[in-house]
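**Q** Mind looking over this structure? Questions follow.
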Amino acid sequence: MNVRFGKEAVTRQPHLLAHNVRSALEMKDAGTMPRGISIKCLNETASPVMKLWDEASSFESVASMRQLNYPPHITLAVLTENLAGVDAVLDDVFGSQPSLCIPFVEIRYFENDFLVLWARPRDDHDLLKLHARLHRHIDPAICEQHYRVGGWTPHCSLATRVPAASAGEAKQWAQQKRTEFTVVFDAADIVHFPPVVVEREHRLR
């Protein structure tokens with residue numbers, strides 16, 4: 001499985017809930033509501049991520065992550081079409097899934113139309129297994145390419161709409177920021193967007 005955790009992950013990559021809004025709106029206009037499947041944190045270990053949201057938002061005109069009204073998360077799949085039997089898939093993948101305790105080790109960025117700041121998790125075998133188990137149920141043709149097996153960069157977004165005028169300062173912040181913390185992801189869900197609406201949620205054990 002070619003999952004990118006290392007330095008080569010600083011590249012262009014769409015994102016589920018925020019900086020890919022244009023393509024999401026195009027899909028909505030075409031009658032297809034994009035959906036994302038994520039794990040998220042609903043407990044106090046979300047605090048370090050939310051503090052980083054507030055720091056990173058200083059490079060944006062609007063605090064993109066706060067604006068979502070959605071908790072810290074790692075997106076596992078972005079679906080461009082409806083997934084057949086989605087309730088059974090979610091039950092199979094998440095029904096007996098324990099919470100995931102994931103350490104984060106540094107701040108990175110994707111270079112898109114807007115710069116995207118994100119927290120990089122340490123290599124985590126359980127996270128990779130969960131991603132692979134989910135994608136056994138998903139036809140790659142209906143999943144956005146950067147979330148498919150072999151093309152996925154695990155990440156927790158911190159700011160998704162940093163304009164070009166602030167990009168240099170934001171990159172410097174990412175390179176100089178020293179932070180390590182652990183987040184317990186205790187829920188999973190499927191949402192449609194925009195705006196973000198939770199369709200179904202699983203609490204992890």
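A note on labels: chains of the structure tokens are A, B, ... as shown, every chain counts residues from 1, and ligands are counted from 1 in their shown order.
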Within 7 Å of region 49-67 of chain A, which residues of region 89-202 of chain A show up? Give each one with its shortest atom-to-atom distance in Å (one decimal) and the two atoms involved, counting only C-alpha atoms, rows by chain then rising residue number, as a Markdown table.
**A**
```
| residue | atom | partner | partner_atom | distance |
| --- | --- | --- | --- | --- |
| A:Leu158 | CA | A:Trp53 | CA | 4.8 |
| A:Ala159 | CA | A:Ala56 | CA | 5.8 |
| A:Thr160 | CA | A:Ser64 | CA | 6.1 |
| A:Arg161 | CA | A:Glu60 | CA | 6.2 |
| A:Val162 | CA | A:Glu60 | CA | 5.0 |
| A:Pro163 | CA | A:Glu60 | CA | 6.7 |
| A:Ser166 | CA | A:Phe59 | CA | 5.7 |
| A:Ala170 | CA | A:Phe59 | CA | 6.4 |
```
**Q** Given the selection you just returned, output its residues as a file containing N, CA, C and O atoms, formatted as a PDB file, in the first residue's frame.
**A**
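The new file again13.pdb reads:
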```
ATOM      1  N   LEU A 158      -5.904  22.093   9.239  1.00  0.00           N
ATOM      2  CA  LEU A 158      -5.838  23.186  10.213  1.00  0.00           C
ATOM      3  C   LEU A 158      -6.330  24.501   9.627  1.00  0.00           C
ATOM      4  O   LEU A 158      -6.866  25.348  10.356  1.00  0.00           O
ATOM      5  N   ALA A 159      -6.111  24.706   8.345  1.00  0.00           N
ATOM      6  CA  ALA A 159      -6.590  25.893   7.628  1.00  0.00           C
ATOM      7  C   ALA A 159      -6.593  25.531   6.159  1.00  0.00           C
ATOM      8  O   ALA A 159      -5.624  24.954   5.660  1.00  0.00           O
ATOM      9  N   THR A 160      -7.671  25.850   5.455  1.00  0.00           N
ATOM     10  CA  THR A 160      -7.809  25.367   4.086  1.00  0.00           C
ATOM     11  C   THR A 160      -7.919  26.469   3.039  1.00  0.00           C
ATOM     12  O   THR A 160      -7.995  26.165   1.847  1.00  0.00           O
ATOM     13  N   ARG A 161      -7.888  27.728   3.463  1.00  0.00           N
ATOM     14  CA  ARG A 161      -8.051  28.818   2.494  1.00  0.00           C
ATOM     15  C   ARG A 161      -7.049  29.944   2.773  1.00  0.00           C
ATOM     16  O   ARG A 161      -7.414  31.107   2.914  1.00  0.00           O
ATOM     17  N   VAL A 162      -5.785  29.585   2.802  1.00  0.00           N
ATOM     18  CA  VAL A 162      -4.731  30.590   2.984  1.00  0.00           C
ATOM     19  C   VAL A 162      -4.425  31.196   1.618  1.00  0.00           C
ATOM     20  O   VAL A 162      -3.983  30.484   0.707  1.00  0.00           O
ATOM     21  N   PRO A 163      -4.646  32.500   1.434  1.00  0.00           N
ATOM     22  CA  PRO A 163      -4.439  33.108   0.115  1.00  0.00           C
ATOM     23  C   PRO A 163      -2.962  33.252  -0.215  1.00  0.00           C
ATOM     24  O   PRO A 163      -2.093  33.158   0.660  1.00  0.00           O
ATOM     25  N   SER A 166      -0.595  35.438   1.845  1.00  0.00           N
ATOM     26  CA  SER A 166      -0.160  34.978   3.167  1.00  0.00           C
ATOM     27  C   SER A 166       0.589  33.655   3.115  1.00  0.00           C
ATOM     28  O   SER A 166       1.015  33.152   4.156  1.00  0.00           O
ATOM     29  N   ALA A 170       2.707  31.646   6.049  1.00  0.00           N
ATOM     30  CA  ALA A 170       2.108  30.414   6.551  1.00  0.00           C
ATOM     31  C   ALA A 170       3.068  29.230   6.414  1.00  0.00           C
ATOM     32  O   ALA A 170       3.167  28.392   7.317  1.00  0.00           O
TER      33      ALA A 170
END
```
**Q** Let's see if you can do this: from backbone DSSP, list all alpha helix (DSSP H) residues in region 68-121 of chain A, as a PDB file with N, CA, C and O atoms, in the first residue's frame.
**A**
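Result saved to selection.pdb:
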```
ATOM      1  N   LEU A  68     -16.635  25.644   9.343  1.00  0.00           N
ATOM      2  CA  LEU A  68     -17.273  24.382   8.979  1.00  0.00           C
ATOM      3  C   LEU A  68     -18.290  23.910  10.015  1.00  0.00           C
ATOM      4  O   LEU A  68     -19.215  23.177   9.691  1.00  0.00           O
ATOM      5  N   VAL A  86     -24.787   1.776   1.518  1.00  0.00           N
ATOM      6  CA  VAL A  86     -23.867   2.528   2.378  1.00  0.00           C
ATOM      7  C   VAL A  86     -24.064   2.214   3.855  1.00  0.00           C
ATOM      8  O   VAL A  86     -23.087   2.133   4.616  1.00  0.00           O
ATOM      9  N   ASP A  87     -25.302   1.998   4.305  1.00  0.00           N
ATOM     10  CA  ASP A  87     -25.527   1.706   5.722  1.00  0.00           C
ATOM     11  C   ASP A  87     -24.864   0.393   6.117  1.00  0.00           C
ATOM     12  O   ASP A  87     -24.223   0.293   7.182  1.00  0.00           O
ATOM     13  N   ALA A  88     -24.973  -0.616   5.270  1.00  0.00           N
ATOM     14  CA  ALA A  88     -24.333  -1.905   5.555  1.00  0.00           C
ATOM     15  C   ALA A  88     -22.817  -1.780   5.530  1.00  0.00           C
ATOM     16  O   ALA A  88     -22.119  -2.408   6.335  1.00  0.00           O
ATOM     17  N   VAL A  89     -22.303  -0.962   4.618  1.00  0.00           N
ATOM     18  CA  VAL A  89     -20.850  -0.740   4.552  1.00  0.00           C
ATOM     19  C   VAL A  89     -20.357  -0.109   5.847  1.00  0.00           C
ATOM     20  O   VAL A  89     -19.358  -0.547   6.442  1.00  0.00           O
ATOM     21  N   LEU A  90     -21.034   0.933   6.294  1.00  0.00           N
ATOM     22  CA  LEU A  90     -20.608   1.615   7.520  1.00  0.00           C
ATOM     23  C   LEU A  90     -20.708   0.692   8.725  1.00  0.00           C
ATOM     24  O   LEU A  90     -19.841   0.710   9.605  1.00  0.00           O
ATOM     25  N   ASP A  91     -21.757  -0.111   8.775  1.00  0.00           N
ATOM     26  CA  ASP A  91     -21.887  -1.065   9.877  1.00  0.00           C
ATOM     27  C   ASP A  91     -20.723  -2.054   9.868  1.00  0.00           C
ATOM     28  O   ASP A  91     -20.156  -2.381  10.921  1.00  0.00           O
ATOM     29  N   ASP A  92     -20.364  -2.531   8.680  1.00  0.00           N
ATOM     30  CA  ASP A  92     -19.296  -3.515   8.576  1.00  0.00           C
ATOM     31  C   ASP A  92     -17.947  -2.914   8.960  1.00  0.00           C
ATOM     32  O   ASP A  92     -17.156  -3.538   9.665  1.00  0.00           O
ATOM     33  N   VAL A  93     -17.689  -1.695   8.504  1.00  0.00           N
ATOM     34  CA  VAL A  93     -16.370  -1.085   8.711  1.00  0.00           C
ATOM     35  C   VAL A  93     -16.228  -0.533  10.124  1.00  0.00           C
ATOM     36  O   VAL A  93     -15.177  -0.692  10.760  1.00  0.00           O
ATOM     37  N   PHE A  94     -17.265   0.103  10.639  1.00  0.00           N
ATOM     38  CA  PHE A  94     -17.139   0.831  11.899  1.00  0.00           C
ATOM     39  C   PHE A  94     -17.883   0.191  13.068  1.00  0.00           C
ATOM     40  O   PHE A  94     -17.719   0.629  14.210  1.00  0.00           O
TER      41      PHE A  94
END
```
**Q** Could you go through region 56-121 of chain A and tell me which residues DSSP, when run on the backbone, assigns to strand (DSSP E or B), listing them as a VMD selection string?
**A** chain A and resid 73 to 79 100 to 111 115 to 121
**Q** Would you please work out which residue, of A:His73, A:Lys40, A:His155, A:Arg133, is nearest to His202 (chain A) when using only C-alpha atoms?
**A**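 Closest to His202 (chain A), using only C-alpha atoms: A:Lys40.
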**Q** Taking 5 positions as the minimum chain separation for residues in the same chain, which residues sit within 10 Å of Pro103 (chain A) when counting only C-alpha atoms? Answer as a count of residues only.
**A** 11
**Q** So what do you get for CA of Pro195 (chain A) versus CA of Val116 (chain A), distance-wise?
**A**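 Rounded to one decimal, the two atoms are 19.1 Å apart.
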**Q** What lies within 9 Å of region 196-199 of chain A using only C-alpha atoms, ignoring chain neighbours under 6 positions off, as a PyMOL selection string?
**A** chain A and resi 17+68-70+189-190
**Q** Within 9 Å of Thr179 (chain A), counting only C-alpha atoms, which residues qualify if same-chain residues fewer than 6 places away don't, as a list in words?
**A** Phe104, Val105, Glu106 and Ile107 of chain A
**Q** What does the distance between CA of Ile142 (chain A) and CA of Thr80 (chain A) come to in Å, to one decimal place?
**A**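 CA of Thr80 (chain A) lies 5.2 Å from CA of Ile142 (chain A).
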**Q** Report, in Å with one decimal, the straight-line distance from CA of Ala174 (chain A) to CA of Leu117 (chain A).
**A**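 CA of Leu117 (chain A) lies at a distance of 7.4 Å from CA of Ala174 (chain A).
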**Q** As a PDB file with all heavy atoms, in the first residue's frame, please: the residues near Arg203 (chain A) (cut-off 10 Å, only C-alpha atoms, same-chain neighbours under 6 positions excluded).
**A**
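Wrote it out as result_37.pdb, contents follow:
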```
ATOM      1  N   ILE A  39     -13.232   9.882  10.172  1.00  0.00           N
ATOM      2  CA  ILE A  39     -13.222   9.685  11.619  1.00  0.00           C
ATOM      3  C   ILE A  39     -13.043  11.049  12.249  1.00  0.00           C
ATOM      4  O   ILE A  39     -12.389  11.926  11.672  1.00  0.00           O
ATOM      5  CB  ILE A  39     -12.125   8.689  12.057  1.00  0.00           C
ATOM      6  CG1 ILE A  39     -10.737   9.126  11.569  1.00  0.00           C
ATOM      7  CG2 ILE A  39     -12.455   7.290  11.611  1.00  0.00           C
ATOM      8  CD1 ILE A  39      -9.588   8.297  12.143  1.00  0.00           C
ATOM      9  N   LYS A  40     -13.633  11.247  13.439  1.00  0.00           N
ATOM     10  CA  LYS A  40     -13.591  12.568  14.064  1.00  0.00           C
ATOM     11  C   LYS A  40     -13.440  12.425  15.562  1.00  0.00           C
ATOM     12  O   LYS A  40     -13.657  11.357  16.146  1.00  0.00           O
ATOM     13  CB  LYS A  40     -14.852  13.355  13.718  1.00  0.00           C
ATOM     14  CG  LYS A  40     -16.151  12.715  14.200  1.00  0.00           C
ATOM     15  CD  LYS A  40     -17.368  13.467  13.671  1.00  0.00           C
ATOM     16  CE  LYS A  40     -18.681  12.830  14.136  1.00  0.00           C
ATOM     17  NZ  LYS A  40     -19.857  13.556  13.601  1.00  0.00           N
ATOM     18  N   LEU A  42     -14.627  13.720  19.250  1.00  0.00           N
ATOM     19  CA  LEU A  42     -15.700  14.380  19.995  1.00  0.00           C
ATOM     20  C   LEU A  42     -15.368  14.500  21.476  1.00  0.00           C
ATOM     21  O   LEU A  42     -16.263  14.648  22.301  1.00  0.00           O
ATOM     22  CB  LEU A  42     -17.001  13.586  19.809  1.00  0.00           C
ATOM     23  CG  LEU A  42     -17.510  13.445  18.370  1.00  0.00           C
ATOM     24  CD1 LEU A  42     -18.776  12.591  18.333  1.00  0.00           C
ATOM     25  CD2 LEU A  42     -17.762  14.814  17.751  1.00  0.00           C
ATOM     26  N   PHE A  94     -17.265   0.103  10.639  1.00  0.00           N
ATOM     27  CA  PHE A  94     -17.139   0.831  11.899  1.00  0.00           C
ATOM     28  C   PHE A  94     -17.883   0.191  13.068  1.00  0.00           C
ATOM     29  O   PHE A  94     -17.719   0.629  14.210  1.00  0.00           O
ATOM     30  CB  PHE A  94     -17.641   2.275  11.725  1.00  0.00           C
ATOM     31  CG  PHE A  94     -16.877   3.065  10.715  1.00  0.00           C
ATOM     32  CD1 PHE A  94     -17.475   3.495   9.542  1.00  0.00           C
ATOM     33  CD2 PHE A  94     -15.541   3.390  10.926  1.00  0.00           C
ATOM     34  CE1 PHE A  94     -16.769   4.234   8.600  1.00  0.00           C
ATOM     35  CE2 PHE A  94     -14.827   4.122   9.997  1.00  0.00           C
ATOM     36  CZ  PHE A  94     -15.436   4.540   8.826  1.00  0.00           C
ATOM     37  N   GLY A  95     -18.698  -0.819  12.802  1.00  0.00           N
ATOM     38  CA  GLY A  95     -19.538  -1.382  13.853  1.00  0.00           C
ATOM     39  C   GLY A  95     -18.776  -1.901  15.055  1.00  0.00           C
ATOM     40  O   GLY A  95     -19.224  -1.763  16.197  1.00  0.00           O
ATOM     41  N   SER A  96     -17.616  -2.491  14.829  1.00  0.00           N
ATOM     42  CA  SER A  96     -16.807  -3.014  15.936  1.00  0.00           C
ATOM     43  C   SER A  96     -15.445  -2.325  16.019  1.00  0.00           C
ATOM     44  O   SER A  96     -14.533  -2.837  16.674  1.00  0.00           O
ATOM     45  CB  SER A  96     -16.618  -4.524  15.777  1.00  0.00           C
ATOM     46  OG  SER A  96     -15.963  -4.826  14.555  1.00  0.00           O
ATOM     47  N   GLN A  97     -15.326  -1.173  15.372  1.00  0.00           N
ATOM     48  CA  GLN A  97     -14.041  -0.471  15.337  1.00  0.00           C
ATOM     49  C   GLN A  97     -13.776   0.248  16.661  1.00  0.00           C
ATOM     50  O   GLN A  97     -14.579   1.075  17.103  1.00  0.00           O
ATOM     51  CB  GLN A  97     -14.051   0.561  14.198  1.00  0.00           C
ATOM     52  CG  GLN A  97     -12.851   1.492  14.161  1.00  0.00           C
ATOM     53  CD  GLN A  97     -11.548   0.768  13.907  1.00  0.00           C
ATOM     54  OE1 GLN A  97     -11.480  -0.094  13.041  1.00  0.00           O
ATOM     55  NE2 GLN A  97     -10.503   1.114  14.642  1.00  0.00           N
ATOM     56  N   PRO A  98     -12.640  -0.022  17.308  1.00  0.00           N
ATOM     57  CA  PRO A  98     -12.277   0.745  18.509  1.00  0.00           C
ATOM     58  C   PRO A  98     -11.882   2.179  18.153  1.00  0.00           C
ATOM     59  O   PRO A  98     -11.560   2.487  17.000  1.00  0.00           O
ATOM     60  CB  PRO A  98     -11.059  -0.013  19.060  1.00  0.00           C
ATOM     61  CG  PRO A  98     -11.025  -1.318  18.340  1.00  0.00           C
ATOM     62  CD  PRO A  98     -11.685  -1.094  17.017  1.00  0.00           C
ATOM     63  N   SER A  99     -11.920   3.047  19.132  1.00  0.00           N
ATOM     64  CA  SER A  99     -11.378   4.393  18.950  1.00  0.00           C
ATOM     65  C   SER A  99      -9.908   4.301  18.547  1.00  0.00           C
ATOM     66  O   SER A  99      -9.204   3.367  18.931  1.00  0.00           O
ATOM     67  CB  SER A  99     -11.506   5.195  20.244  1.00  0.00           C
ATOM     68  OG  SER A  99     -12.860   5.379  20.595  1.00  0.00           O
ATOM     69  N   PHE A 185      -9.677   9.590  18.196  1.00  0.00           N
ATOM     70  CA  PHE A 185     -10.807   9.680  17.274  1.00  0.00           C
ATOM     71  C   PHE A 185     -11.836   8.632  17.694  1.00  0.00           C
ATOM     72  O   PHE A 185     -11.594   7.429  17.606  1.00  0.00           O
ATOM     73  CB  PHE A 185     -10.325   9.460  15.838  1.00  0.00           C
ATOM     74  CG  PHE A 185      -9.457  10.587  15.336  1.00  0.00           C
ATOM     75  CD1 PHE A 185      -8.088  10.552  15.529  1.00  0.00           C
ATOM     76  CD2 PHE A 185     -10.020  11.679  14.705  1.00  0.00           C
ATOM     77  CE1 PHE A 185      -7.278  11.594  15.088  1.00  0.00           C
ATOM     78  CE2 PHE A 185      -9.225  12.734  14.263  1.00  0.00           C
ATOM     79  CZ  PHE A 185      -7.848  12.689  14.452  1.00  0.00           C
ATOM     80  N   ASP A 186     -12.976   9.131  18.171  1.00  0.00           N
ATOM     81  CA  ASP A 186     -13.951   8.267  18.827  1.00  0.00           C
ATOM     82  C   ASP A 186     -15.283   8.167  18.100  1.00  0.00           C
ATOM     83  O   ASP A 186     -16.261   7.643  18.644  1.00  0.00           O
ATOM     84  CB  ASP A 186     -14.173   8.721  20.269  1.00  0.00           C
ATOM     85  CG  ASP A 186     -14.608  10.179  20.383  1.00  0.00           C
ATOM     86  OD1 ASP A 186     -14.679  10.872  19.342  1.00  0.00           O
ATOM     87  OD2 ASP A 186     -14.856  10.634  21.517  1.00  0.00           O
ATOM     88  N   ALA A 187     -15.340   8.674  16.867  1.00  0.00           N
ATOM     89  CA  ALA A 187     -16.563   8.584  16.074  1.00  0.00           C
ATOM     90  C   ALA A 187     -16.201   8.565  14.599  1.00  0.00           C
ATOM     91  O   ALA A 187     -15.118   9.009  14.198  1.00  0.00           O
ATOM     92  CB  ALA A 187     -17.504   9.750  16.374  1.00  0.00           C
ATOM     93  N   ALA A 188     -17.126   8.036  13.807  1.00  0.00           N
ATOM     94  CA  ALA A 188     -16.991   8.048  12.354  1.00  0.00           C
ATOM     95  C   ALA A 188     -18.334   8.454  11.778  1.00  0.00           C
ATOM     96  O   ALA A 188     -19.383   8.224  12.389  1.00  0.00           O
ATOM     97  CB  ALA A 188     -16.577   6.681  11.829  1.00  0.00           C
ATOM     98  N   ASP A 189     -18.309   9.077  10.609  1.00  0.00           N
ATOM     99  CA  ASP A 189     -19.585   9.452  10.005  1.00  0.00           C
ATOM    100  C   ASP A 189     -19.466   9.575   8.495  1.00  0.00           C
ATOM    101  O   ASP A 189     -18.382   9.526   7.917  1.00  0.00           O
ATOM    102  CB  ASP A 189     -20.140  10.744  10.619  1.00  0.00           C
ATOM    103  CG  ASP A 189     -19.291  11.982  10.367  1.00  0.00           C
ATOM    104  OD1 ASP A 189     -18.455  11.965   9.445  1.00  0.00           O
ATOM    105  OD2 ASP A 189     -19.454  12.981  11.093  1.00  0.00           O
TER     106      ASP A 189
END
```
